[in-house]
file input-v2.tsv (TSV, C-alpha atoms)
chain	number	residue	atom	x	y	z
A	293	MET	CA	-38.49	-32.18	-14.83
A	294	LYS	CA	-40.25	-32.74	-18.17
A	295	PRO	CA	-38.31	-34.70	-20.86
A	296	LEU	CA	-38.09	-31.66	-23.15
A	297	GLN	CA	-36.72	-29.49	-20.36
A	298	ALA	CA	-34.17	-32.18	-19.49
A	299	ILE	CA	-33.00	-32.36	-23.13
A	300	ALA	CA	-32.76	-28.56	-23.34
A	301	LEU	CA	-30.77	-28.44	-20.11
A	302	ALA	CA	-28.39	-31.18	-21.25
A	303	ALA	CA	-27.86	-29.27	-24.51
A	304	ILE	CA	-27.16	-26.04	-22.62
A	305	LEU	CA	-24.64	-27.75	-20.32
A	306	ALA	CA	-22.94	-29.47	-23.25
A	307	ALA	CA	-22.78	-26.21	-25.21
A	308	GLY	CA	-21.24	-24.40	-22.26
A	309	THR	CA	-18.56	-27.06	-21.79
A	310	GLY	CA	-17.84	-27.12	-25.50
A	311	ALA	CA	-17.51	-23.36	-25.70
A	312	TRP	CA	-14.99	-23.44	-22.91
A	313	ALA	CA	-13.01	-26.30	-24.37
A	314	ALA	CA	-12.61	-24.31	-27.56
A	315	ASP	CA	-11.80	-21.15	-25.64
A	316	ALA	CA	-8.73	-22.15	-23.66
A	317	PRO	CA	-7.52	-25.36	-22.08
A	318	ALA	CA	-7.44	-25.32	-18.32
A	319	LYS	CA	-4.18	-26.02	-16.55
A	320	PRO	CA	-3.49	-26.31	-12.83
A	321	MET	CA	-2.90	-23.04	-11.07
A	322	LYS	CA	0.77	-22.44	-10.26
A	323	MET	CA	0.41	-21.60	-6.60
A	324	ASP	CA	3.97	-20.36	-6.07
A	325	GLU	CA	3.79	-17.82	-8.90
A	326	PRO	CA	3.03	-14.14	-8.26
A	327	MET	CA	-0.63	-13.18	-8.42
A	328	HIS	CA	-2.12	-11.57	-11.51
A	329	GLY	CA	-4.03	-8.31	-11.50
A	330	GLU	CA	-3.46	-4.95	-9.93
A	331	MET	CA	-5.11	-5.50	-6.55
A	332	LYS	CA	-2.18	-7.49	-5.19
A	333	LYS	CA	0.77	-6.40	-3.09
A	334	GLN	CA	4.10	-7.29	-4.72
A	335	SER	CA	4.87	-10.28	-2.53
A	336	MET	CA	1.50	-12.01	-3.00
A	337	LYS	CA	1.38	-15.43	-4.63
A	338	LYS	CA	-1.59	-17.25	-6.17
A	339	GLY	CA	-1.43	-19.91	-3.42
A	340	ASP	CA	-2.00	-17.25	-0.74
A	341	VAL	CA	-5.74	-17.25	-1.53
A	342	LYS	CA	-6.07	-20.98	-0.80
A	343	LYS	CA	-4.14	-20.62	2.48
A	344	ALA	CA	-6.27	-17.66	3.53
A	345	ALA	CA	-9.48	-19.52	2.61
A	346	LYS	CA	-8.51	-22.49	4.80
A	347	LYS	CA	-7.65	-20.19	7.71
A	348	LYS	CA	-10.94	-18.32	7.28
A	349	GLU	CA	-12.90	-21.59	7.24
A	350	ARG	CA	-11.20	-22.71	10.48
A	351	GLU	CA	-12.15	-19.39	12.11
A	352	LEU	CA	-15.71	-19.09	10.83
A	353	LYS	CA	-16.99	-22.67	10.84
A	354	PRO	CA	-17.31	-23.09	14.64
A	355	MET	CA	-18.90	-19.66	15.00
A	356	ILE	CA	-21.46	-20.34	12.28
A	357	GLU	CA	-22.24	-23.82	13.64
A	358	LYS	CA	-22.80	-22.34	17.10
A	359	GLU	CA	-24.95	-19.57	15.66
A	360	THR	CA	-27.01	-22.03	13.59
A	361	ALA	CA	-27.51	-24.35	16.57
A	362	GLY	CA	-28.59	-21.36	18.66
A	363	SER	CA	-31.13	-20.26	16.10
A	364	ALA	CA	-32.52	-23.81	15.71
A	365	LYS	CA	-33.29	-23.92	19.47
A	366	LYS	CA	-35.42	-20.75	19.25
B	110	MET	CA	-4.33	-8.63	-19.84
B	111	LYS	CA	-3.05	-5.48	-21.47
B	112	ARG	CA	-3.10	-2.59	-19.06
B	113	ARG	CA	-5.23	0.28	-20.28
B	114	THR	CA	-4.69	3.95	-19.56
B	115	MET	CA	-7.40	5.88	-17.77
B	116	GLU	CA	-8.07	7.87	-20.96
B	117	THR	CA	-8.63	4.69	-22.97
B	118	SER	CA	-10.76	3.07	-20.27
B	119	LEU	CA	-13.06	6.06	-19.97
B	120	ALA	CA	-13.35	6.81	-23.68
B	121	GLY	CA	-16.98	6.85	-24.69
B	122	HIS	CA	-18.34	6.88	-21.13
B	123	SER	CA	-20.78	9.44	-19.86
B	124	PRO	CA	-19.39	12.66	-18.33
B	125	LYS	CA	-21.33	11.83	-15.12
B	126	LEU	CA	-19.53	8.49	-14.74
B	127	ILE	CA	-16.16	10.09	-15.52
B	128	ARG	CA	-16.79	12.74	-12.86
B	129	SER	CA	-17.72	9.99	-10.40
B	130	ILE	CA	-14.51	8.03	-11.12
B	131	GLU	CA	-12.41	11.21	-10.97
B	132	ARG	CA	-14.00	12.07	-7.63
B	133	ARG	CA	-13.23	8.56	-6.35
B	134	LEU	CA	-9.62	8.80	-7.52
B	135	PHE	CA	-9.27	12.25	-5.98
B	136	LEU	CA	-10.57	10.95	-2.64
B	137	LYS	CA	-8.35	7.87	-2.86
B	138	GLN	CA	-5.28	9.94	-3.68
B	139	GLY	CA	-6.18	12.52	-1.03
B	140	LEU	CA	-6.55	9.83	1.59
B	141	SER	CA	-3.28	8.21	0.50
B	142	LEU	CA	-1.52	11.57	0.81
B	143	GLY	CA	-3.04	12.03	4.26
B	144	ALA	CA	-1.95	8.59	5.31
B	145	LEU	CA	1.57	9.22	4.03
B	146	ALA	CA	1.78	12.52	5.88
B	147	LEU	CA	0.60	10.77	9.03
B	148	LEU	CA	3.06	7.97	8.60
B	149	SER	CA	6.21	9.65	7.41
B	150	GLY	CA	9.09	7.38	8.31
B	151	CYS	CA	6.88	4.31	8.87
B	152	GLU	CA	6.75	1.17	6.74
B	153	LEU	CA	3.12	1.28	5.69
B	154	THR	CA	2.63	-2.40	5.03
B	155	ASP	CA	4.37	-3.74	8.15
B	156	ASP	CA	3.34	-1.50	11.00
B	157	GLU	CA	0.58	-3.29	12.94
B	158	GLY	CA	-0.65	-0.17	14.67
B	159	VAL	CA	-1.02	1.60	11.37
B	160	GLN	CA	-2.82	-1.38	9.88
B	161	ARG	CA	-5.25	-1.42	12.82
B	162	LEU	CA	-5.86	2.31	12.45
B	163	LEU	CA	-6.50	2.05	8.71
B	164	MET	CA	-8.75	-1.00	9.16
B	165	GLY	CA	-10.66	0.91	11.83
B	166	MET	CA	-11.15	3.81	9.42
B	167	SER	CA	-12.25	1.37	6.72
B	168	GLY	CA	-14.78	-0.07	9.21
B	169	LEU	CA	-16.19	3.42	9.78
B	170	ASN	CA	-16.32	3.86	6.02
B	171	ASP	CA	-18.29	0.55	5.76
B	172	ARG	CA	-20.82	1.71	8.32
B	173	ALA	CA	-21.24	5.07	6.58
B	174	GLN	CA	-21.70	3.39	3.19
B	175	GLY	CA	-24.19	0.93	4.69
B	176	TRP	CA	-26.12	3.81	6.19
B	177	LEU	CA	-26.11	5.76	2.92
B	178	PHE	CA	-27.03	2.75	0.76
B	179	ASN	CA	-30.47	3.23	-0.76
B	180	PRO	CA	-32.04	-0.22	-1.30
B	181	ASN	CA	-34.46	1.25	-3.86
B	182	LYS	CA	-31.97	3.18	-5.98
B	183	LEU	CA	-31.18	1.28	-9.17
B	184	ALA	CA	-27.83	1.15	-10.95
B	185	PRO	CA	-28.02	2.40	-14.56
B	186	GLU	CA	-28.99	-0.18	-17.20
B	187	TYR	CA	-27.82	0.01	-20.82
B	188	PRO	CA	-28.93	-1.05	-24.31
B	189	GLU	CA	-27.41	-4.13	-26.00
B	190	SER	CA	-25.43	-1.77	-28.25
B	191	ALA	CA	-23.44	-0.52	-25.22
B	192	ILE	CA	-22.09	-3.99	-24.30
B	193	THR	CA	-18.28	-4.11	-24.10
B	194	LYS	CA	-16.76	-6.62	-26.53
B	195	PRO	CA	-14.70	-8.49	-25.63
B	196	PHE	CA	-15.63	-8.33	-21.96
B	197	PRO	CA	-12.40	-8.27	-19.90
B	198	PHE	CA	-11.29	-11.29	-17.88
B	199	ASN	CA	-9.93	-10.41	-14.46
B	200	ALA	CA	-8.77	-12.64	-11.61
B	201	PHE	CA	-5.73	-13.30	-9.43
B	202	TYR	CA	-4.66	-15.96	-11.96
B	203	SER	CA	-4.37	-16.15	-15.72
B	204	VAL	CA	-7.24	-17.10	-18.05
B	205	ASP	CA	-5.66	-20.48	-18.84
B	206	GLU	CA	-5.76	-21.37	-15.13
B	207	VAL	CA	-9.51	-20.82	-14.77
B	208	THR	CA	-11.17	-23.35	-12.49
B	209	LEU	CA	-13.37	-25.83	-14.38
B	210	VAL	CA	-16.43	-26.90	-12.40
B	211	ASP	CA	-18.27	-30.04	-13.51
B	212	GLY	CA	-21.88	-28.94	-14.01
B	213	LYS	CA	-23.21	-32.51	-13.82
B	214	ASP	CA	-22.00	-33.06	-10.24
B	215	TYR	CA	-22.39	-29.50	-9.08
B	216	LYS	CA	-24.41	-28.70	-5.94
B	217	LEU	CA	-24.69	-25.31	-4.28
B	218	GLU	CA	-24.19	-25.88	-0.55
B	219	LEU	CA	-26.10	-23.74	1.97
B	220	GLU	CA	-25.13	-23.08	5.58
B	221	GLY	CA	-25.88	-20.80	8.50
B	222	LEU	CA	-29.15	-19.04	9.20
B	223	ILE	CA	-31.11	-20.74	6.42
B	224	ARG	CA	-34.22	-22.87	7.02
B	225	GLU	CA	-33.97	-25.15	3.95
B	226	LYS	CA	-30.31	-26.21	3.64
B	227	LYS	CA	-30.87	-28.77	0.92
B	228	PRO	CA	-28.08	-28.37	-1.71
B	229	TRP	CA	-29.22	-27.13	-5.13
B	230	THR	CA	-28.25	-28.80	-8.41
B	231	LEU	CA	-27.91	-26.75	-11.61
B	232	PRO	CA	-31.13	-28.11	-13.20
B	233	GLU	CA	-33.00	-27.03	-10.06
B	234	LEU	CA	-31.43	-23.57	-10.17
B	235	TYR	CA	-32.11	-23.19	-13.91
B	236	GLU	CA	-35.81	-23.86	-13.28
B	237	LEU	CA	-36.18	-20.77	-11.09
B	238	PRO	CA	-37.69	-17.64	-12.73
B	239	GLN	CA	-34.91	-15.79	-14.55
B	240	THR	CA	-34.35	-12.15	-15.40
B	241	SER	CA	-31.64	-10.27	-17.35
B	242	GLN	CA	-29.75	-7.04	-16.88
B	243	ILE	CA	-27.20	-5.03	-18.86
B	244	THR	CA	-25.12	-3.17	-16.32
B	245	ARG	CA	-21.66	-1.75	-15.82
B	246	HIS	CA	-19.05	-3.78	-13.95
B	247	ILE	CA	-16.73	-1.29	-12.22
B	248	CYS	CA	-13.33	-2.56	-11.12
B	249	VAL	CA	-11.38	-1.10	-8.21
B	250	GLU	CA	-8.37	-1.14	-10.57
B	251	GLY	CA	-9.86	1.78	-12.50
B	252	TRP	CA	-11.56	0.20	-15.53
B	253	SER	CA	-15.16	-0.64	-16.25
B	254	ALA	CA	-17.10	-2.71	-18.80
B	255	ILE	CA	-20.74	-3.29	-19.66
B	256	GLY	CA	-22.12	-6.83	-19.85
B	257	LYS	CA	-25.37	-8.77	-19.94
B	258	TRP	CA	-26.07	-11.25	-17.18
B	259	SER	CA	-29.13	-13.43	-16.58
B	260	GLY	CA	-30.26	-15.37	-13.56
B	261	VAL	CA	-32.54	-15.47	-10.58
B	262	ARG	CA	-33.16	-12.42	-8.44
B	263	PHE	CA	-31.10	-13.13	-5.32
B	264	SER	CA	-33.85	-11.87	-3.00
B	265	ASP	CA	-36.23	-14.45	-4.55
B	266	PHE	CA	-33.68	-17.21	-4.01
B	267	LEU	CA	-33.16	-16.13	-0.38
B	268	ALA	CA	-36.92	-16.22	0.16
B	269	ARG	CA	-37.11	-19.68	-1.47
B	270	ILE	CA	-34.49	-21.17	0.88
B	271	GLY	CA	-35.87	-19.48	3.98
B	272	ALA	CA	-32.81	-17.34	4.65
B	273	ASP	CA	-32.98	-15.20	7.76
B	274	THR	CA	-33.03	-11.81	6.05
B	275	SER	CA	-32.73	-10.04	9.40
B	276	ALA	CA	-29.14	-11.38	9.60
B	277	LYS	CA	-26.29	-9.02	8.72
B	278	TYR	CA	-24.15	-10.90	6.21
B	279	ILE	CA	-24.06	-13.44	3.42
B	280	GLY	CA	-20.74	-15.13	2.76
B	281	PHE	CA	-19.62	-16.99	-0.38
B	282	THR	CA	-16.91	-19.55	-1.03
B	283	CYS	CA	-15.78	-20.24	-4.58
B	284	ALA	CA	-14.19	-23.08	-6.55
B	285	ASP	CA	-11.02	-21.01	-7.13
B	286	ASP	CA	-10.65	-20.57	-3.30
B	287	TYR	CA	-11.76	-16.95	-3.46
B	288	TYR	CA	-14.19	-15.86	-0.75
B	289	THR	CA	-16.13	-12.71	0.00
B	290	SER	CA	-19.24	-11.50	1.78
B	291	ILE	CA	-21.92	-8.85	1.40
B	292	ASP	CA	-24.42	-6.99	3.55
B	293	MET	CA	-28.06	-8.13	3.63
B	294	ALA	CA	-29.40	-4.84	2.21
B	295	THR	CA	-27.33	-5.35	-0.95
B	296	ALA	CA	-28.33	-9.03	-1.12
B	297	LEU	CA	-32.00	-7.97	-1.17
B	298	HIS	CA	-31.47	-5.20	-3.75
B	299	PRO	CA	-33.66	-5.86	-6.83
B	300	GLN	CA	-30.66	-5.81	-9.22
B	301	THR	CA	-28.58	-8.32	-7.26
B	302	LEU	CA	-28.78	-11.51	-9.34
B	303	LEU	CA	-27.51	-15.05	-8.95
B	304	THR	CA	-26.50	-15.40	-12.60
B	305	PHE	CA	-26.11	-18.50	-14.78
B	306	ARG	CA	-25.80	-16.87	-18.20
B	307	PHE	CA	-23.59	-14.20	-19.77
B	308	ALA	CA	-24.43	-12.59	-23.13
B	309	ASP	CA	-27.35	-15.05	-23.50
B	310	GLN	CA	-25.01	-18.07	-23.25
B	311	VAL	CA	-24.34	-20.40	-20.32
B	312	LEU	CA	-21.85	-18.54	-18.15
B	313	PRO	CA	-18.43	-19.45	-19.60
B	314	PRO	CA	-15.85	-20.70	-17.08
B	315	LYS	CA	-13.75	-17.56	-17.48
B	316	TYR	CA	-16.72	-15.49	-16.30
B	317	GLY	CA	-17.59	-17.79	-13.40
B	318	PHE	CA	-19.40	-21.02	-14.42
B	319	PRO	CA	-21.60	-22.33	-12.91
B	320	MET	CA	-22.71	-19.11	-11.25
B	321	LYS	CA	-21.66	-15.60	-10.43
B	322	LEU	CA	-23.35	-13.21	-8.05
B	323	ARG	CA	-23.84	-10.04	-10.07
B	324	ILE	CA	-24.12	-6.90	-7.95
B	325	PRO	CA	-24.19	-3.72	-10.07
B	326	THR	CA	-24.18	-1.57	-6.92
B	327	LYS	CA	-20.78	-2.88	-5.82
B	328	LEU	CA	-17.21	-2.99	-7.18
B	329	GLY	CA	-16.21	-6.04	-9.20
B	330	PHE	CA	-14.31	-7.90	-6.49
B	331	LYS	CA	-17.58	-8.10	-4.50
B	332	ASN	CA	-19.13	-10.16	-7.35
B	333	PRO	CA	-17.97	-13.74	-6.60
B	334	LYS	CA	-17.59	-16.25	-9.46
B	335	HIS	CA	-17.65	-20.09	-9.39
B	336	ILE	CA	-19.79	-19.99	-6.23
B	337	MET	CA	-19.77	-23.34	-4.40
B	338	SER	CA	-21.39	-22.44	-1.10
B	339	MET	CA	-23.07	-19.59	0.67
B	340	PHE	CA	-23.94	-18.93	4.29
B	341	VAL	CA	-26.08	-16.43	6.18
B	342	THR	CA	-24.64	-15.12	9.44
B	343	ASN	CA	-24.37	-12.30	11.94
B	344	GLU	CA	-20.62	-12.99	12.34
B	345	TYR	CA	-18.52	-10.68	10.16
B	346	PRO	CA	-17.08	-12.99	7.46
B	347	GLY	CA	-14.71	-10.56	5.67
B	348	GLY	CA	-13.30	-11.70	2.37
B	349	TYR	CA	-9.94	-12.31	0.70
B	350	TRP	CA	-9.28	-8.80	-0.60
B	351	GLU	CA	-11.22	-7.22	2.26
B	352	ASP	CA	-8.89	-8.92	4.76
B	353	GLN	CA	-5.93	-7.45	2.83
B	354	GLY	CA	-7.25	-3.95	3.52
B	355	TYR	CA	-9.70	-3.31	0.68
B	356	ASN	CA	-12.90	-1.67	1.82
B	357	TRP	CA	-15.52	-4.31	2.71
B	358	PHE	CA	-18.69	-2.48	1.60
B	359	SER	CA	-17.13	-1.24	-1.67
B	360	GLY	CA	-20.22	0.30	-3.20
B	361	SER	CA	-19.83	1.49	-6.75

call {"tool": "encode", "arguments": {"input": "input-v2.tsv", "output": "structure tokens"}}
result
Amino acid sequence: MKPLQAIALAAILAAGTGAWAADAPAKPMKMDEPMHGEMKKQSMKKGDVKKAAKKKERELKPMIEKETAGSAKK
Amino acid sequence: MKRRTMETSLAGHSPKLIRSIERRLFLKQGLSLGALALLSGCELTDDEGVQRLLMGMSGLNDRAQGWLFNPNKLAPEYPESAITKPFPFNAFYSVDEVTLVDGKDYKLELEGLIREKKPWTLPELYELPQTSQITRHICVEGWSAIGKWSGVRFSDFLARIGADTSAKYIGFTCADDYYTSIDMATALHPQTLLTFRFADQVLPPKYGFPMKLRIPTKLGFKNPKHIMSMFVTNEYPGGYWEDQGYNWFSGS
């Protein structure tokens, strides 16, 4: 990357971070609280997404690794 | 976020869009009524047989939508004056709990049926040819908003990494633990963008920094934010809301 591009990129990244910092401070997600939004069922909690993501990874990872290994042999 | 009435949400929108949303609501309500008639006396959320039946119907719906999807038909684009301000924030958590991703250490991880699996840093991604679009984000909850996103055409990125575009699915995992997947035809659609900017600014965290996949031909929950990894596969990957019963294809 050229020096000018690197400076521009650094400025963009810094500006983005700054804009966010001024926007709203981040705080850890309260996993045992009910989910926000209107897509949820009543009993759903924010932490359900993390649990589901871990379960999905356990299910998919071996299948994708097998599939990738199979395609590499071809 | 303050809940808006349908009248407020649709104020100022074209009659064609309003008819389309009304038709969708009518179909949704009609199907719900049908399901209730079918299931009188059953607990809808708990009955496994019913869930299997409904998921099977949703699968048929996915196949029909996939078959009807026209890869050359473009979603409407709008002038800058039509942009919704402020653009709504929507997630399963509040805006003050938005995940902050460190751009300096960020690397997009690639897996599955992809030839070049080298992770991509943000400077590398920012160097790719960029394009912009002003399109309408349509939420399954019943509201919509127009925004401007900029980034790399996803089909160009897939070509660059040597993705197997004959595969069926592309899955995404996100920094906020959300996950979803899309069909390859939608991934290759010319308006599907891997976006890094919103309203000509670096994508703010609340809208998905460092990147959001913007798909104007699909409902909002099919547009993942804070993407950390993606994979190409022929194994059906589902998604968080899709696995809860929301329609997987979810074209808008």

call {"tool": "residues_near_point", "arguments": {"input": "input-v2.tsv", "point": "(-15.7, -19.3, 10.5)", "cutoff": "12 Å", "atoms": "all atoms listed in the file", "output": "ChimeraX atom specification"}}
result
/A:344-359 /B:220-221,280-282,288,340-348

call {"tool": "residues_around", "arguments": {"input": "input-v2.tsv", "residues": "Asp340 (chain A)", "least_positions_apart": "2", "cutoff": "12 Å", "atoms": "all atoms listed in the file", "output": "PyMOL selection string"}}
result
(chain A and resi 321-327+332-333+335-338+342-347) or (chain B and resi 201-202+285-287+349-350+353)

call {"tool": "closest_residue", "arguments": {"input": "input-v2.tsv", "among": "B:Leu177, B:Ile255, B:Met164, B:Cys248", "to": "Trp357 (chain B)", "atoms": "all atoms listed in the file"}}
result
B:Met164

call {"tool": "atom_distance", "arguments": {"input": "input-v2.tsv", "atom1": "CA of Leu163 (chain B)", "atom2": "CA of Ser253 (chain B)"}}
result
26.6 Å

call {"tool": "residues_around", "arguments": {"input": "input-v2.tsv", "residues": "region 315-326 of chain B", "least_positions_apart": "2", "cutoff": "9 Å", "atoms": "only C-alpha atoms", "output": "VMD selection string"}}
result
(chain A and resid 308 312) or (chain B and resid 183 to 185 198 to 199 204 to 205 207 to 212 215 231 244 to 247 258 260 263 295 to 296 298 300 to 307 311 to 313 328 to 329 331 to 337 359 to 361)

call {"tool": "atom_distance", "arguments": {"input": "input-v2.tsv", "atom1": "CA of Met339 (chain B)", "atom2": "CA of Phe266 (chain B)"}}
result
11.8 Å

call {"tool": "closest_residue", "arguments": {"input": "input-v2.tsv", "among": "B:Ser241, B:Asn181, B:Ser203, B:Thr274", "to": "Pro299 (chain B)", "atoms": "all atoms listed in the file"}}
result
B:Asn181

call {"tool": "atom_distance", "arguments": {"input": "input-v2.tsv", "atom1": "CA of Ala294 (chain B)", "atom2": "CA of Thr240 (chain B)"}}
result
19.7 Å

call {"tool": "closest_residue", "arguments": {"input": "input-v2.tsv", "among": "B:Ala268, B:Met166, B:Ala200, B:Leu297", "to": "chain A", "atoms": "only C-alpha atoms"}}
result
B:Ala200

call {"tool": "closest_residue", "arguments": {"input": "input-v2.tsv", "among": "A:Ala361, A:Gly329, A:Gln334, A:Gly339", "to": "chain B", "atoms": "all atoms listed in the file"}}
result
A:Gly329

call {"tool": "closest_residue", "arguments": {"input": "input-v2.tsv", "among": "B:Lys227, B:Lys327, B:Lys182, B:Lys213", "to": "chain A", "atoms": "all atoms listed in the file"}}
result
B:Lys213

call {"tool": "residues_around", "arguments": {"input": "input-v2.tsv", "residues": "Lys194 (chain B)", "least_positions_apart": "3", "cutoff": "10 Å", "atoms": "all atoms listed in the file", "output": "PDB file with C-alpha atoms, in the frame of the given file"}}
result
ATOM      1  CA  ALA B 191     -23.440  -0.520 -25.220  1.00  0.00           C
ATOM      2  CA  PRO B 197     -12.400  -8.270 -19.900  1.00  0.00           C
ATOM      3  CA  ALA B 254     -17.100  -2.710 -18.800  1.00  0.00           C
ATOM      4  CA  ILE B 255     -20.740  -3.290 -19.660  1.00  0.00           C
ATOM      5  CA  GLY B 256     -22.120  -6.830 -19.850  1.00  0.00           C
TER       6      GLY B 256
END
